[in-house]
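Below is final00.cif, holding mmCIF, C-alpha atoms.
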```cif
data_my_file
#
loop_
_atom_site.label_atom_id
_atom_site.label_comp_id
_atom_site.auth_asym_id
_atom_site.auth_seq_id
_atom_site.Cartn_x
_atom_site.Cartn_y
_atom_site.Cartn_z
CA MET A 30 -115.68 16.37 30.06
CA ILE A 31 -117.02 14.05 32.76
CA THR A 32 -115.34 14.36 36.18
CA ILE A 33 -114.87 11.52 38.68
CA LYS A 34 -113.32 12.52 42.02
CA ASN A 35 -112.42 10.97 45.34
CA ARG A 36 -113.77 7.48 44.66
CA LEU A 37 -112.72 4.03 45.77
CA ILE A 38 -113.02 1.68 42.79
CA THR A 39 -112.88 -2.07 43.44
CA LYS A 40 -113.83 -5.49 42.02
CA ASN A 41 -114.86 -4.91 38.38
CA GLY A 42 -112.91 -1.68 37.89
CA LEU A 43 -113.82 1.32 35.76
CA TYR A 44 -114.73 1.25 32.05
CA LEU A 45 -114.49 4.59 30.23
CA PHE A 46 -115.87 5.47 26.79
CA ASN A 47 -116.26 9.27 26.94
CA PRO A 48 -113.82 12.10 27.78
CA THR A 49 -113.23 11.97 31.52
CA LYS A 50 -111.02 13.51 34.20
CA ILE A 51 -110.36 11.15 37.11
CA THR A 52 -108.88 12.78 40.21
CA ASN A 53 -107.80 11.35 43.57
CA CYS A 54 -109.31 7.91 42.95
CA ASN A 55 -108.04 4.65 44.41
CA PHE A 56 -108.23 1.42 42.40
CA PHE A 57 -107.91 -1.56 44.79
CA ASN A 58 -108.87 -5.25 44.94
CA ILE A 59 -109.68 -5.71 41.26
CA GLU A 60 -110.71 -9.31 40.50
CA GLY A 61 -112.45 -11.23 37.72
CA ASP A 62 -111.71 -12.54 34.23
CA ASN A 63 -110.70 -9.74 31.83
CA HIS A 64 -111.19 -7.12 34.51
CA HIS A 65 -108.91 -4.07 34.76
CA GLY A 66 -108.50 -1.32 37.29
CA ALA A 67 -109.41 1.00 34.41
CA GLU A 68 -110.17 0.14 30.79
CA VAL A 69 -109.98 3.29 28.67
CA HIS A 70 -111.44 3.48 25.14
CA GLY A 71 -110.98 5.84 22.19
CA PRO A 72 -110.99 6.86 19.47
CA CYS A 73 -109.68 10.40 20.02
CA ILE A 74 -110.85 11.73 16.63
CA ASN A 75 -112.69 15.04 17.16
CA GLN A 76 -112.24 14.65 20.92
CA PRO A 77 -110.31 16.82 23.40
CA ASP A 78 -106.60 16.12 23.68
CA PRO A 79 -105.97 14.51 26.05
CA MET A 80 -109.27 12.69 25.98
CA TYR A 81 -108.71 11.25 29.47
CA ILE A 82 -106.80 12.67 32.43
CA PHE A 83 -105.88 10.62 35.50
CA SER A 84 -104.54 12.89 38.23
CA GLU A 85 -103.13 11.73 41.58
CA CYS A 86 -104.69 8.27 41.41
CA VAL A 87 -103.45 5.06 43.04
CA PHE A 88 -103.70 1.72 41.26
CA ASP A 89 -102.64 -0.85 43.87
CA ASN A 90 -103.74 -4.50 43.82
CA GLU A 91 -101.62 -5.72 46.72
CA GLY A 92 -102.57 -9.15 47.98
CA ILE A 93 -104.55 -10.23 44.89
CA GLU A 94 -103.14 -13.15 42.86
CA PRO A 95 -101.88 -11.94 39.45
CA ASP A 96 -103.98 -14.49 37.53
CA ALA A 97 -107.21 -13.18 39.13
CA TYR A 98 -107.54 -10.14 36.81
CA ASP A 99 -106.12 -8.62 33.63
CA GLU A 100 -104.08 -5.36 33.61
CA GLY A 101 -104.15 -2.57 36.12
CA VAL A 102 -104.84 -0.18 33.23
CA ALA A 103 -105.62 -0.99 29.57
CA LEU A 104 -105.80 1.66 26.84
CA VAL A 105 -107.58 0.44 23.72
CA ASN A 106 -108.94 1.76 20.42
CA ALA A 107 -106.69 4.84 20.29
CA PRO A 108 -107.54 7.18 23.15
CA SER A 109 -105.24 10.06 24.12
CA VAL A 110 -104.44 9.87 27.83
CA LEU A 111 -102.47 11.81 30.44
CA PHE A 112 -101.42 10.27 33.76
CA TYR A 113 -100.18 12.81 36.31
CA ARG A 114 -98.72 11.78 39.66
CA CYS A 115 -100.22 8.31 39.59
CA ARG A 116 -98.88 5.21 41.33
CA PHE A 117 -99.10 1.70 39.81
CA ALA A 118 -98.18 -1.01 42.31
CA HIS A 119 -98.52 -4.78 42.88
CA TRP A 120 -99.93 -5.85 39.51
CA GLY A 121 -98.97 -8.92 37.52
CA LYS A 122 -99.44 -6.72 34.43
CA ALA A 123 -99.47 -3.02 35.27
CA VAL A 124 -100.27 -0.89 32.18
CA LEU A 125 -101.03 -1.98 28.61
CA VAL A 126 -100.92 0.76 25.99
CA GLY A 127 -102.63 -0.55 22.85
CA ASN A 128 -104.49 -3.78 22.25
CA GLY A 129 -104.03 -6.40 19.54
CA ASP A 130 -107.80 -6.41 18.93
CA HIS A 131 -107.61 -2.76 17.77
CA SER A 132 -104.11 -2.62 16.30
CA ASP A 133 -104.96 -0.43 13.29
CA ALA A 134 -106.69 2.21 15.42
CA ASP A 135 -104.15 1.98 18.24
CA LYS A 136 -101.36 3.23 15.98
CA ASP A 137 -102.83 6.69 16.69
CA LEU A 138 -102.86 6.17 20.46
CA ARG A 139 -101.00 8.77 22.54
CA VAL A 140 -100.20 8.56 26.24
CA THR A 141 -98.08 10.64 28.60
CA PHE A 142 -96.94 9.73 32.11
CA ASN A 143 -95.78 12.74 34.14
CA GLU A 144 -94.30 12.23 37.63
CA CYS A 145 -95.64 8.68 37.98
CA ILE A 146 -94.34 5.71 40.00
CA PHE A 147 -94.39 2.07 38.87
CA GLU A 148 -93.33 -0.30 41.66
CA HIS A 149 -93.42 -3.99 42.59
CA ASN A 150 -95.20 -5.08 39.42
CA GLY A 151 -94.54 -8.27 37.50
CA ARG A 152 -94.35 -6.65 34.07
CA ARG A 153 -95.82 -3.95 31.80
CA SER A 154 -94.45 -1.00 33.75
CA PRO A 155 -95.64 0.06 31.22
CA TYR A 156 -95.90 -1.95 27.95
CA ILE A 157 -96.29 0.29 24.91
CA GLN A 158 -97.71 -2.21 22.40
CA PHE A 159 -98.98 0.36 19.88
CA GLY A 160 -98.99 4.11 19.51
CA LYS A 161 -96.71 6.72 21.01
CA ALA A 162 -95.82 7.20 24.67
CA THR A 163 -93.80 9.69 26.69
CA LEU A 164 -92.56 9.24 30.27
CA ASN A 165 -91.34 12.36 32.07
CA ASN A 166 -89.83 12.38 35.57
CA CYS A 167 -91.03 8.89 36.48
CA LEU A 168 -89.74 6.18 38.84
CA ILE A 169 -89.79 2.55 37.68
CA LYS A 170 -88.84 0.34 40.59
CA ASP A 171 -88.50 -3.37 41.43
CA TRP A 172 -90.31 -4.80 38.42
CA GLY A 173 -90.36 -8.61 38.30
CA ASP A 174 -91.57 -8.84 41.90
CA PRO A 175 -91.78 -12.60 42.62
CA ASP A 176 -95.14 -12.16 44.37
CA TYR A 177 -96.64 -10.70 41.18
CA PHE A 178 -94.81 -12.71 38.53
CA TYR A 179 -97.03 -13.55 35.53
CA LEU A 180 -95.44 -15.54 32.67
CA LYS A 181 -92.46 -13.18 32.34
CA SER A 182 -91.23 -9.90 33.75
CA HIS A 183 -89.78 -6.58 32.63
CA GLY A 184 -89.88 -2.89 33.38
CA LEU A 185 -90.67 -0.65 30.40
CA ARG A 186 -91.25 -2.47 27.11
CA VAL A 187 -91.90 -1.03 23.64
CA GLY A 188 -93.61 -3.15 20.97
CA LYS A 189 -92.44 -3.53 17.38
CA GLU A 190 -95.04 -1.02 16.10
CA ALA A 191 -94.71 1.54 18.90
CA SER A 192 -92.48 4.36 20.02
CA CYS A 193 -91.58 5.71 23.44
CA GLU A 194 -89.49 8.57 24.77
CA VAL A 195 -88.29 8.44 28.39
CA ASN A 196 -87.01 11.66 29.94
CA ASN A 197 -85.49 12.46 33.35
CA SER A 198 -86.61 9.15 34.86
CA VAL A 199 -85.14 6.70 37.36
CA PHE A 200 -84.93 2.90 37.15
CA VAL A 201 -84.21 1.08 40.42
CA GLN A 202 -83.94 -2.69 40.79
CA GLU A 203 -83.09 -4.12 44.21
CA ASN A 204 -83.81 -7.78 43.49
CA PHE A 205 -82.33 -9.54 40.47
CA TRP A 206 -83.50 -13.03 41.47
CA PRO A 207 -87.07 -13.86 40.30
CA GLY A 208 -87.88 -16.10 43.25
CA ASN A 209 -86.88 -19.65 42.29
CA ILE A 210 -85.19 -21.61 39.52
CA LYS A 211 -88.48 -22.61 37.84
CA THR A 212 -89.57 -18.98 37.62
CA PHE A 213 -86.13 -18.01 36.31
CA PHE A 214 -86.29 -20.38 33.33
CA LYS A 215 -89.96 -19.63 32.64
CA ASP A 216 -89.13 -15.94 32.61
CA VAL A 217 -86.05 -16.16 30.36
CA PHE A 218 -87.60 -18.43 27.73
CA ASN A 219 -90.85 -16.47 27.46
CA GLN A 220 -89.06 -13.25 26.58
CA TYR A 221 -89.34 -11.93 23.03
CA SER A 222 -85.81 -10.53 22.92
CA PRO A 223 -83.07 -12.88 21.68
CA ILE A 224 -80.90 -11.73 24.59
CA LEU A 225 -81.21 -14.32 27.34
CA LEU A 226 -81.70 -12.00 30.28
CA PRO A 227 -84.07 -12.52 33.20
CA GLY A 228 -86.84 -9.96 33.29
CA ASN A 229 -85.53 -8.36 36.49
CA CYS A 230 -82.61 -7.04 34.41
CA ARG A 231 -84.83 -5.62 31.65
CA GLY A 232 -85.26 -2.02 32.71
CA ALA A 233 -86.26 -0.50 29.35
CA TYR A 234 -86.19 -2.25 26.00
CA ALA A 235 -87.78 -2.17 22.57
CA GLU A 236 -88.66 -5.14 20.42
CA LYS A 237 -87.15 -5.21 16.94
CA GLY A 238 -88.91 -2.48 14.96
CA GLY A 239 -89.90 -0.51 18.06
CA ASN A 240 -88.46 2.93 18.75
CA LEU A 241 -87.11 3.75 22.22
CA THR A 242 -85.39 7.03 23.14
CA ILE A 243 -83.85 7.54 26.59
CA ASN A 244 -82.75 11.00 27.74
CA HIS A 245 -81.09 11.92 31.04
CA CYS A 246 -82.19 8.83 32.97
CA TYR A 247 -80.59 6.85 35.81
CA LYS A 248 -80.28 3.14 36.54
CA ASN A 249 -78.97 1.95 39.89
CA SER A 250 -77.01 -1.04 38.62
CA MET A 251 -74.95 -2.18 35.65
CA PHE A 252 -77.25 -5.21 35.56
CA VAL A 253 -80.24 -3.04 34.62
CA TRP A 254 -80.37 -3.22 30.82
CA PHE A 255 -81.48 -0.48 28.43
CA SER A 256 -81.77 -1.48 24.77
CA ALA A 257 -81.17 2.15 23.71
CA LYS A 258 -78.41 4.60 24.54
CA ASN A 259 -79.03 6.70 27.64
CA ASN A 260 -78.29 10.24 26.41
CA ASP A 261 -76.71 12.44 29.10
CA PRO A 262 -77.10 9.99 32.04
CA MET A 263 -78.46 11.36 35.30
CA SER A 264 -76.18 11.39 38.35
CA LYS A 265 -76.86 9.25 41.41
CA GLU A 266 -77.31 12.37 43.53
CA GLU A 267 -79.91 13.83 41.19
CA ALA A 268 -81.71 10.46 41.05
CA GLU A 269 -81.87 10.26 44.84
CA GLU A 270 -83.37 13.74 45.00
CA LYS A 271 -85.91 12.85 42.32
CA ILE A 272 -86.97 9.68 44.16
CA LYS A 273 -87.40 11.64 47.38
CA TYR A 274 -89.49 14.26 45.56
CA LEU A 275 -91.70 11.70 43.80
CA GLU A 276 -92.35 9.75 46.99
CA THR A 277 -93.52 13.03 48.53
CA VAL A 278 -95.88 14.20 45.78
CA VAL A 279 -97.27 10.90 44.37
CA PRO A 280 -100.08 9.48 46.54
CA LYS A 281 -99.85 5.96 47.96
CA LYS A 282 -102.26 3.35 49.31
#
```
What would you get if you wrote out this structure as structure tokens?
Amino acid sequence: MITIKNRLITKNGLYLFNPTKITNCNFFNIEGDNHHGAEVHGPCINQPDPMYIFSECVFDNEGIEPDAYDEGVALVNAPSVLFYRCRFAHWGKAVLVGNGDHSDADKDLRVTFNECIFEHNGRRSPYIQFGKATLNNCLIKDWGDPDYFYLKSHGLRVGKEASCEVNNSVFVQENFWPGNIKTFFKDVFNQYSPILLPGNCRGAYAEKGGNLTINHCYKNSMFVWFSAKNNDPMSKEEAEEKIKYLETVVPKK
């Protein structure tokens, strides 16, 4: 497995095609058509599992207009990926799991997020379009940030051919207004769900046909919507302790 450590990655981002472990890397100032902070390719057949490991990396595109690049991270053609203690911040589109150009292969895609933070993104925090995803002990915070709004907004979204399990995670939304009335209507009418909710309220939802399971999670407001039942909801006190812990162990810009 290739190892990449302690690098600052800017402009065109990182394109990966072979098993790689990426540790303590910072992905900043990504710009250019179809450019990502990291574009990660499979397939994972006869490859190590996970095929890619991102450990203690920061993906932060603060100050860059959301139409100046594509996603912060894009996983395509069915890789298996582990993200551990990574931070995804200030992206119009944060993380895309699965790509319509490789939909048949991407049904075998597998990704796990352990102790990760998604904050101040427009949408895709993350978007599980294809394959299977698991989020454990994560913080998803202030999605739909007006400064990074791109077409529509939401927190975690699961596509109609995907599945996702969310465990012991915290959803915090401090701003339910998307910035202005034009953005509000653009957001609401570009959503795929028939429920007319602004994206800032969409904490975790699955499209019709998608499978979303939520276990022992917390949301800070009744206006944060989950499309699935939250089994054994987390207490506010436990959520506050988890946020404090994650902010301590997950690196930041």
Pick from A:Phe83, A:Trp120, A:Phe255, A:Tyr44: nearest to Asp176 in chain A, with all atoms listed in the file counted?
A:Trp120
I'd like to see the residues matched by the PyMOL selection byres ((chain A and resi 105) around 7) on this file, and ideally I'd get them as a PyMOL selection string.
chain A and resi 69-71+103-104+106-108+127-128+131+135
Just C-alpha atoms for this one: save the residues we selected as an mmCIF file, in the coordinates of the input.
```
data_model
loop_
_atom_site.group_PDB
_atom_site.id
_atom_site.type_symbol
_atom_site.label_atom_id
_atom_site.label_comp_id
_atom_site.auth_asym_id
_atom_site.auth_seq_id
_atom_site.Cartn_x
_atom_site.Cartn_y
_atom_site.Cartn_z
ATOM 1 C CA VAL A 69 -109.980 3.290 28.670
ATOM 2 C CA HIS A 70 -111.440 3.480 25.140
ATOM 3 C CA GLY A 71 -110.980 5.840 22.190
ATOM 4 C CA ALA A 103 -105.620 -0.990 29.570
ATOM 5 C CA LEU A 104 -105.800 1.660 26.840
ATOM 6 C CA ASN A 106 -108.940 1.760 20.420
ATOM 7 C CA ALA A 107 -106.690 4.840 20.290
ATOM 8 C CA PRO A 108 -107.540 7.180 23.150
ATOM 9 C CA GLY A 127 -102.630 -0.550 22.850
ATOM 10 C CA ASN A 128 -104.490 -3.780 22.250
ATOM 11 C CA HIS A 131 -107.610 -2.760 17.770
ATOM 12 C CA ASP A 135 -104.150 1.980 18.240
#
```
Tell me, as an mmCIF file with C-alpha atoms, keeping the file's coordinate frame, which residues lie within 8 Å of range 194-199 of chain A, counting only C-alpha atoms; anything in the same chain fewer than 6 positions away does not count.
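Below is the file that was written, result.cif:
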```
data_model
loop_
_atom_site.group_PDB
_atom_site.id
_atom_site.type_symbol
_atom_site.label_atom_id
_atom_site.label_comp_id
_atom_site.auth_asym_id
_atom_site.auth_seq_id
_atom_site.Cartn_x
_atom_site.Cartn_y
_atom_site.Cartn_z
ATOM 1 C CA ALA A 162 -95.820 7.200 24.670
ATOM 2 C CA THR A 163 -93.800 9.690 26.690
ATOM 3 C CA LEU A 164 -92.560 9.240 30.270
ATOM 4 C CA ASN A 165 -91.340 12.360 32.070
ATOM 5 C CA ASN A 166 -89.830 12.380 35.570
ATOM 6 C CA CYS A 167 -91.030 8.890 36.480
ATOM 7 C CA LEU A 168 -89.740 6.180 38.840
ATOM 8 C CA ILE A 169 -89.790 2.550 37.680
ATOM 9 C CA LEU A 241 -87.110 3.750 22.220
ATOM 10 C CA THR A 242 -85.390 7.030 23.140
ATOM 11 C CA ILE A 243 -83.850 7.540 26.590
ATOM 12 C CA ASN A 244 -82.750 11.000 27.740
ATOM 13 C CA HIS A 245 -81.090 11.920 31.040
ATOM 14 C CA CYS A 246 -82.190 8.830 32.970
ATOM 15 C CA TYR A 247 -80.590 6.850 35.810
ATOM 16 C CA LYS A 248 -80.280 3.140 36.540
ATOM 17 C CA MET A 263 -78.460 11.360 35.300
ATOM 18 C CA ALA A 268 -81.710 10.460 41.050
ATOM 19 C CA LYS A 271 -85.910 12.850 42.320
ATOM 20 C CA ILE A 272 -86.970 9.680 44.160
#
```
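Put simply, the PyMOL selection byres ((chain A and resi 251-254) around 9) in this file takes in Phe200, Val201, Gln202, Phe205, Leu226, Asn229, Cys230, Arg231, Gly232, Ala233, Tyr234, Lys248, Asn249, Ser250, Phe255, Ser256 and Ala257 of chain A.
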Show me the residues close to (-111.4, 8.5, 17.7) - anything with an atom within 12 Å, counting all atoms listed in the file - and format the list as a PyMOL selection string.
chain A and resi 46-48+70-80+105-109+131+133-139
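Checking A:Cys86, A:Leu275, A:Val187, A:Leu125 one by one against Glu236 in chain A, counting all atoms listed in the file, you find the shortest gap at A:Val187.
Computed from the coordinates, the CA of Gly239 in chain A to CA of Glu190 in chain A distance equals 5.5 Å.
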Could you name the residues that touch Glu94 in chain A at 12 Å or less, counting all atoms listed in the file, but leaving out those on the same chain fewer than 6 positions away, as number ranges by chain?
A: 58-61, 119-122, 150-151, 175-179
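Residues in contact with Glu148 in chain A at 6 Å, where only C-alpha atoms are counted and same-chain residues fewer than 2 positions away are skipped, are listed as Ala118, Asn150, Lys170 and Asp171 of chain A.
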Export of the given selection (C-alpha atoms) as a PDB file, in the frame of the given file:
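The new file result.pdb reads:
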```pdb
ATOM      1  CA  ALA A 118     -98.180  -1.010  42.310  1.00  0.00           C
ATOM      2  CA  ASN A 150     -95.200  -5.080  39.420  1.00  0.00           C
ATOM      3  CA  LYS A 170     -88.840   0.340  40.590  1.00  0.00           C
ATOM      4  CA  ASP A 171     -88.500  -3.370  41.430  1.00  0.00           C
TER       5      ASP A 171
END
```
Which polymer residues have any atom within 10 Å of an atom of Arg36 in chain A, counting only C-alpha atoms, with same-chain residues fewer than 5 positions away left out, as a PyMOL selection string?
chain A and resi 51-56+86
Considering all atoms listed in the file, state which residue in the set A:Phe57, A:Phe159, A:Phe112, A:Phe213 is at the smallest distance from Ser182 in chain A.
A:Phe213
For a quick check of understanding, using all atoms listed in the file, which of A:Lys181, A:Arg186, A:Lys211, A:Lys282 has the smallest distance to Lys237 in chain A?
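Selected residue with least distance to Lys237 in chain A: A:Arg186.
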Around all of range 37-51 of chain A's listed atoms, make the axis-aligned box with 4 Å on each side and tell me centre and edge lengths in Å to one decimal, as lines of an AutoDock Vina configuration file.
```
center_x = -113.3
center_y = 4.0
center_z = 36.3
size_x = 13.9
size_y = 27.0
size_z = 27.0
```
Take range 240-259 of chain A, bring it up to N, CA and C atoms, and give me the output as a PDB file, in the frame of the given file.
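Contents of part.pdb, as written:
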```
ATOM      1  N   ASN A 240     -89.327   1.762  18.632  1.00  0.00           N
ATOM      2  CA  ASN A 240     -88.460   2.930  18.750  1.00  0.00           C
ATOM      3  C   ASN A 240     -88.436   3.407  20.198  1.00  0.00           C
ATOM      4  N   LEU A 241     -87.272   3.323  20.837  1.00  0.00           N
ATOM      5  CA  LEU A 241     -87.110   3.750  22.220  1.00  0.00           C
ATOM      6  C   LEU A 241     -86.023   4.811  22.302  1.00  0.00           C
ATOM      7  N   THR A 242     -86.352   5.962  22.915  1.00  0.00           N
ATOM      8  CA  THR A 242     -85.390   7.030  23.140  1.00  0.00           C
ATOM      9  C   THR A 242     -85.297   7.296  24.639  1.00  0.00           C
ATOM     10  N   ILE A 243     -84.067   7.344  25.155  1.00  0.00           N
ATOM     11  CA  ILE A 243     -83.850   7.540  26.590  1.00  0.00           C
ATOM     12  C   ILE A 243     -82.966   8.770  26.782  1.00  0.00           C
ATOM     13  N   ASN A 244     -83.485   9.748  27.519  1.00  0.00           N
ATOM     14  CA  ASN A 244     -82.750  11.000  27.740  1.00  0.00           C
ATOM     15  C   ASN A 244     -82.616  11.297  29.233  1.00  0.00           C
ATOM     16  N   HIS A 245     -81.386  11.465  29.680  1.00  0.00           N
ATOM     17  CA  HIS A 245     -81.090  11.920  31.040  1.00  0.00           C
ATOM     18  C   HIS A 245     -81.814  11.058  32.085  1.00  0.00           C
ATOM     19  N   CYS A 246     -81.597   9.765  32.019  1.00  0.00           N
ATOM     20  CA  CYS A 246     -82.190   8.830  32.970  1.00  0.00           C
ATOM     21  C   CYS A 246     -81.094   8.196  33.837  1.00  0.00           C
ATOM     22  N   TYR A 247     -81.518   7.491  34.870  1.00  0.00           N
ATOM     23  CA  TYR A 247     -80.590   6.850  35.810  1.00  0.00           C
ATOM     24  C   TYR A 247     -81.011   5.406  36.036  1.00  0.00           C
ATOM     25  N   LYS A 248     -80.036   4.511  36.113  1.00  0.00           N
ATOM     26  CA  LYS A 248     -80.280   3.140  36.540  1.00  0.00           C
ATOM     27  C   LYS A 248     -79.305   2.825  37.665  1.00  0.00           C
ATOM     28  N   ASN A 249     -79.767   2.109  38.674  1.00  0.00           N
ATOM     29  CA  ASN A 249     -78.970   1.950  39.890  1.00  0.00           C
ATOM     30  C   ASN A 249     -77.957   0.817  39.820  1.00  0.00           C
ATOM     31  N   SER A 250     -77.935   0.083  38.705  1.00  0.00           N
ATOM     32  CA  SER A 250     -77.010  -1.040  38.620  1.00  0.00           C
ATOM     33  C   SER A 250     -76.607  -1.281  37.169  1.00  0.00           C
ATOM     34  N   MET A 251     -75.388  -1.786  36.989  1.00  0.00           N
ATOM     35  CA  MET A 251     -74.950  -2.180  35.650  1.00  0.00           C
ATOM     36  C   MET A 251     -75.754  -3.352  35.113  1.00  0.00           C
ATOM     37  N   PHE A 252     -76.453  -4.061  35.987  1.00  0.00           N
ATOM     38  CA  PHE A 252     -77.250  -5.210  35.560  1.00  0.00           C
ATOM     39  C   PHE A 252     -78.640  -4.817  35.081  1.00  0.00           C
ATOM     40  N   VAL A 253     -78.993  -3.544  35.210  1.00  0.00           N
ATOM     41  CA  VAL A 253     -80.240  -3.040  34.620  1.00  0.00           C
ATOM     42  C   VAL A 253     -79.946  -2.685  33.167  1.00  0.00           C
ATOM     43  N   TRP A 254     -80.657  -3.336  32.255  1.00  0.00           N
ATOM     44  CA  TRP A 254     -80.370  -3.220  30.820  1.00  0.00           C
ATOM     45  C   TRP A 254     -81.309  -2.250  30.145  1.00  0.00           C
ATOM     46  N   PHE A 255     -80.742  -1.322  29.372  1.00  0.00           N
ATOM     47  CA  PHE A 255     -81.480  -0.480  28.430  1.00  0.00           C
ATOM     48  C   PHE A 255     -81.097  -0.932  27.029  1.00  0.00           C
ATOM     49  N   SER A 256     -82.082  -1.087  26.141  1.00  0.00           N
ATOM     50  CA  SER A 256     -81.770  -1.480  24.770  1.00  0.00           C
ATOM     51  C   SER A 256     -81.392  -0.282  23.899  1.00  0.00           C
ATOM     52  N   ALA A 257     -81.542   0.928  24.435  1.00  0.00           N
ATOM     53  CA  ALA A 257     -81.170   2.150  23.710  1.00  0.00           C
ATOM     54  C   ALA A 257     -80.152   2.927  24.526  1.00  0.00           C
ATOM     55  N   LYS A 258     -79.398   3.770  23.853  1.00  0.00           N
ATOM     56  CA  LYS A 258     -78.410   4.600  24.540  1.00  0.00           C
ATOM     57  C   LYS A 258     -79.109   5.569  25.482  1.00  0.00           C
ATOM     58  N   ASN A 259     -78.538   5.717  26.670  1.00  0.00           N
ATOM     59  CA  ASN A 259     -79.030   6.700  27.640  1.00  0.00           C
ATOM     60  C   ASN A 259     -78.274   8.009  27.398  1.00  0.00           C
TER      61      ASN A 259
END
```
